[in-house]
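The block underneath contains the structure these notes are about, expressed in structure tokens.
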Amino acid sequence: MHWFTIVLIGIATNLGNLGIGLAYGAKQTKIPIFSNVIIAIMSMIITYIAVVAGGTIIEYISPSKANLLGSLLLCAIGLWTLLSNRFSKQETLINPELIDEDRDYTISCREAITLGFILSANCLASGIAIGANGISAIWTVISIGFFSIVTVGVGSHLCYLLIKTFVGKYSTSISGWLLIMIGIYEIFA
């Protein structure tokens, strides 16, 4: 089993969630544990669908070609993450007022569904690549759900400590580089 890849995918796809948690914590917008779990469940559902879709690729092409395709897709997602981070205004993507519709500085369950759907975009493309590589859907989904809860929770609760650290400042770039490294690792694994 690809345990190393499963754990790294869980971390890499959720580093953006760390940035969200940091931004929400800095603006004193709370993400209660139940809302955090809803965000994780949304990521898990989207990931599972994507992994299954990626797994169907194996039915139409050889496993070695599917593995190469999935690995190259991970590298491409990592590169896209790096470029989109460089050329976009991240502040507009992590503006709590856009999600916190009732302006009560708490992300409700309904608002968490919207936020979870937005944050699961990373999981969609990565899930397809993971499925094409033949990596376990269940363990990947569990890893992504676990690290989603951890990164959002840590980011929102420890924002003032983390926002000035290397990881806090460069979480999206780190995510992109991790995805590229995972893709390269999977080519040769």
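We name chains A, B, ... following the order of the structure tokens; residues begin at 1 in each chain, and ligands are numbered from 1 as shown.
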
Long-range neighbours of region 81-83 of chain A as a PDB file with C-alpha atoms, in the first residue's frame, 10 Å cut-off, only C-alpha atoms, 3 positions minimum in chain:
ATOM      1  CA  GLY A  16      -5.048  25.475   1.655  1.00  0.00           C
ATOM      2  CA  CYS A  75       2.577  17.209 -10.952  1.00  0.00           C
ATOM      3  CA  ALA A  76       0.323  19.393 -13.121  1.00  0.00           C
ATOM      4  CA  ILE A  77      -1.992  20.127 -10.172  1.00  0.00           C
ATOM      5  CA  GLY A  78       1.043  21.074  -8.085  1.00  0.00           C
ATOM      6  CA  ARG A  86       1.562  33.520  -7.568  1.00  0.00           C
ATOM      7  CA  PHE A  87      -0.841  35.256  -9.937  1.00  0.00           C
ATOM      8  CA  SER A  88      -4.016  35.472  -7.864  1.00  0.00           C
ATOM      9  CA  ASN A 122      -8.165  20.670  -4.541  1.00  0.00           C
ATOM     10  CA  THR A 172      -0.289  27.148  -0.749  1.00  0.00           C
ATOM     11  CA  SER A 173       3.225  27.039  -2.242  1.00  0.00           C
ATOM     12  CA  ILE A 174       4.180  24.160   0.057  1.00  0.00           C
ATOM     13  CA  SER A 175       1.032  22.343  -1.071  1.00  0.00           C
ATOM     14  CA  GLY A 176       1.977  22.793  -4.735  1.00  0.00           C
ATOM     15  CA  TRP A 177       5.529  21.536  -4.200  1.00  0.00           C
ATOM     16  CA  LEU A 179       1.898  17.556  -4.979  1.00  0.00           C
ATOM     17  CA  ILE A 180       4.729  17.770  -7.530  1.00  0.00           C
TER      18      ILE A 180
END

Practice item. Would you kindly return, as a list of chain:residue names, each protein, DNA or RNA residue with an atom no farther than 7 Å from any atom of region 143-149 of chain A, considering only C-alpha atoms and excluding same-chain residues fewer than 6 positions away? Key: A:Ile6, A:Val7, A:Gly10, A:Ile11, A:Asn14, A:Asn17, A:Asn36, A:Val37, A:Ala40, A:Ile41, A:Ser43, A:Met44

Dump of N, CA, C and O atoms for the selected residues, as a PDB file, in the first residue's frame:
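This is the output file again31.pdb:
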ATOM      1  N   ILE A   6      -0.470   8.396   0.603  1.00  0.00           N
ATOM      2  CA  ILE A   6      -1.787   8.686   1.189  1.00  0.00           C
ATOM      3  C   ILE A   6      -1.682   9.788   2.241  1.00  0.00           C
ATOM      4  O   ILE A   6      -2.491  10.729   2.264  1.00  0.00           O
ATOM      5  N   VAL A   7      -0.689   9.700   3.109  1.00  0.00           N
ATOM      6  CA  VAL A   7      -0.505  10.727   4.145  1.00  0.00           C
ATOM      7  C   VAL A   7      -0.129  12.065   3.509  1.00  0.00           C
ATOM      8  O   VAL A   7      -0.689  13.113   3.861  1.00  0.00           O
ATOM      9  N   GLY A  10      -3.077  13.702   1.911  1.00  0.00           N
ATOM     10  CA  GLY A  10      -3.930  14.280   2.947  1.00  0.00           C
ATOM     11  C   GLY A  10      -3.413  15.630   3.412  1.00  0.00           C
ATOM     12  O   GLY A  10      -4.183  16.579   3.593  1.00  0.00           O
ATOM     13  N   ILE A  11      -2.106  15.724   3.582  1.00  0.00           N
ATOM     14  CA  ILE A  11      -1.502  16.989   4.021  1.00  0.00           C
ATOM     15  C   ILE A  11      -1.540  18.021   2.898  1.00  0.00           C
ATOM     16  O   ILE A  11      -1.985  19.160   3.098  1.00  0.00           O
ATOM     17  N   ASN A  14      -4.782  19.695   1.953  1.00  0.00           N
ATOM     18  CA  ASN A  14      -5.402  20.474   3.024  1.00  0.00           C
ATOM     19  C   ASN A  14      -4.568  21.649   3.506  1.00  0.00           C
ATOM     20  O   ASN A  14      -4.992  22.357   4.421  1.00  0.00           O
ATOM     21  N   ASN A  17      -6.523  24.593   3.360  1.00  0.00           N
ATOM     22  CA  ASN A  17      -7.449  24.702   4.489  1.00  0.00           C
ATOM     23  C   ASN A  17      -6.775  25.371   5.684  1.00  0.00           C
ATOM     24  O   ASN A  17      -7.427  26.075   6.448  1.00  0.00           O
ATOM     25  N   ASN A  36     -16.538  22.308  11.192  1.00  0.00           N
ATOM     26  CA  ASN A  36     -15.264  21.790  10.703  1.00  0.00           C
ATOM     27  C   ASN A  36     -15.430  20.360  10.176  1.00  0.00           C
ATOM     28  O   ASN A  36     -14.893  20.004   9.132  1.00  0.00           O
ATOM     29  N   VAL A  37     -16.196  19.554  10.886  1.00  0.00           N
ATOM     30  CA  VAL A  37     -16.459  18.176  10.450  1.00  0.00           C
ATOM     31  C   VAL A  37     -17.240  18.182   9.132  1.00  0.00           C
ATOM     32  O   VAL A  37     -16.965  17.371   8.238  1.00  0.00           O
ATOM     33  N   ALA A  40     -14.871  18.792   6.356  1.00  0.00           N
ATOM     34  CA  ALA A  40     -14.100  17.569   6.092  1.00  0.00           C
ATOM     35  C   ALA A  40     -14.938  16.547   5.326  1.00  0.00           C
ATOM     36  O   ALA A  40     -14.447  15.912   4.385  1.00  0.00           O
ATOM     37  N   ILE A  41     -16.192  16.392   5.709  1.00  0.00           N
ATOM     38  CA  ILE A  41     -17.069  15.432   5.028  1.00  0.00           C
ATOM     39  C   ILE A  41     -17.272  15.826   3.568  1.00  0.00           C
ATOM     40  O   ILE A  41     -17.252  14.966   2.680  1.00  0.00           O
ATOM     41  N   SER A  43     -15.140  17.437   1.687  1.00  0.00           N
ATOM     42  CA  SER A  43     -13.887  17.075   1.011  1.00  0.00           C
ATOM     43  C   SER A  43     -13.801  15.570   0.792  1.00  0.00           C
ATOM     44  O   SER A  43     -13.349  15.113  -0.261  1.00  0.00           O
ATOM     45  N   MET A  44     -14.246  14.812   1.778  1.00  0.00           N
ATOM     46  CA  MET A  44     -14.192  13.353   1.674  1.00  0.00           C
ATOM     47  C   MET A  44     -15.119  12.841   0.573  1.00  0.00           C
ATOM     48  O   MET A  44     -14.739  11.956  -0.204  1.00  0.00           O
TER      49      MET A  44
END

Practice item. Extract, using only C-alpha atoms, all DNA, RNA and protein residues at most 9 Å from Phe117 (chain A), discarding same-chain residues fewer than 6 positions from it, and format them as a PyMOL selection string. Key: chain A and resi 39+42-43+46

Using the selection just defined, write its residues with N, CA and C atoms as a short mmCIF file (atom, residue, chain, number, x, y, z; two decimals), in the first residue's frame.
data_model
loop_
_atom_site.label_atom_id
_atom_site.label_comp_id
_atom_site.auth_asym_id
_atom_site.auth_seq_id
_atom_site.Cartn_x
_atom_site.Cartn_y
_atom_site.Cartn_z
N ILE A 39 -17.08 20.45 6.79
CA ILE A 39 -16.10 20.81 5.77
C ILE A 39 -15.31 19.57 5.37
N MET A 42 -17.43 17.12 3.30
CA MET A 42 -17.56 17.57 1.92
C MET A 42 -16.31 17.20 1.11
N SER A 43 -15.14 17.44 1.69
CA SER A 43 -13.89 17.08 1.01
C SER A 43 -13.80 15.57 0.79
N ILE A 46 -16.27 14.50 -2.13
CA ILE A 46 -15.73 14.91 -3.43
C ILE A 46 -14.52 14.06 -3.79
#

Check your understanding: Using only C-alpha atoms, which of the listed residues (A:Ser108, A:Thr5, A:Thr47, A:Asn133) sits closest to Ala121 (chain A)?
Key -> A:Thr47

Exercise for review: Enumerate the residues of chain A with a DSSP assignment of helix (DSSP H, G or I), computed from the backbone, and present them as a PyMOL selection string.
Suggested key: chain A and resi 3-12+15-26+33-60+63-87+90-93+96-99+109-119+121-132+137-157+159-162+166-169+171-188

Review point. Near region 100-106 of chain A, counting only C-alpha atoms, which residues have an atom at most 10 Å away, once you skip same-chain residues fewer than 6 positions from it, shown as a count of residues only?
Key: 12

Review point. Which residues, written as a PyMOL selection string, have at least one atom at most 10 Å from Ile184 (chain A), with only C-alpha atoms counted and residues fewer than 6 positions away on the same chain left out?
Key: chain A and resi 68+71-72+74-75+178

Review point. What separation in Å, quoted to one decimal, exists between CA of Ala132 (chain A) and CA of Gly70 (chain A)?
Key: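 Computed distance, CA of Ala132 (chain A) to CA of Gly70 (chain A), equals 5.0 Å.
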
Check your understanding: Given the choices A:Ala125, A:Ile38, A:Val51, A:Val141, which gets closest to Glu111 (chain A) if the distance is worked out from only C-alpha atoms?
Key ->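 Answer, going by the shortest atom-to-atom distance: A:Ile38.
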
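By chain and then residue number, the residues within 7 Å of region 153-160 of chain A are Leu18, Gly19, Gly21, Leu22, Tyr24, Gly25 and Ala26 of chain A, counting only C-alpha atoms and disregarding those fewer than 5 positions away in sequence.
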
Check your understanding: Which residue gives the smallest distance to Ile135 (chain A) among A:Ile45, A:Val52, A:Ile33, A:Ile20, with only C-alpha atoms counted?
Key ->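 The closest residue to Ile135 (chain A) is A:Val52.
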
**Study point:** Separation of CA of Met181 (chain A) from CA of Ile9 (chain A), in Å and rounded to one decimal
**Key:**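 For CA of Met181 (chain A) relative to CA of Ile9 (chain A), the distance reads 10.4 Å.
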
Review point. Which value, in Å to one decimal, gives the distance between CA of Ser171 (chain A) and CA of Gly55 (chain A)?
Key: 28.7 Å
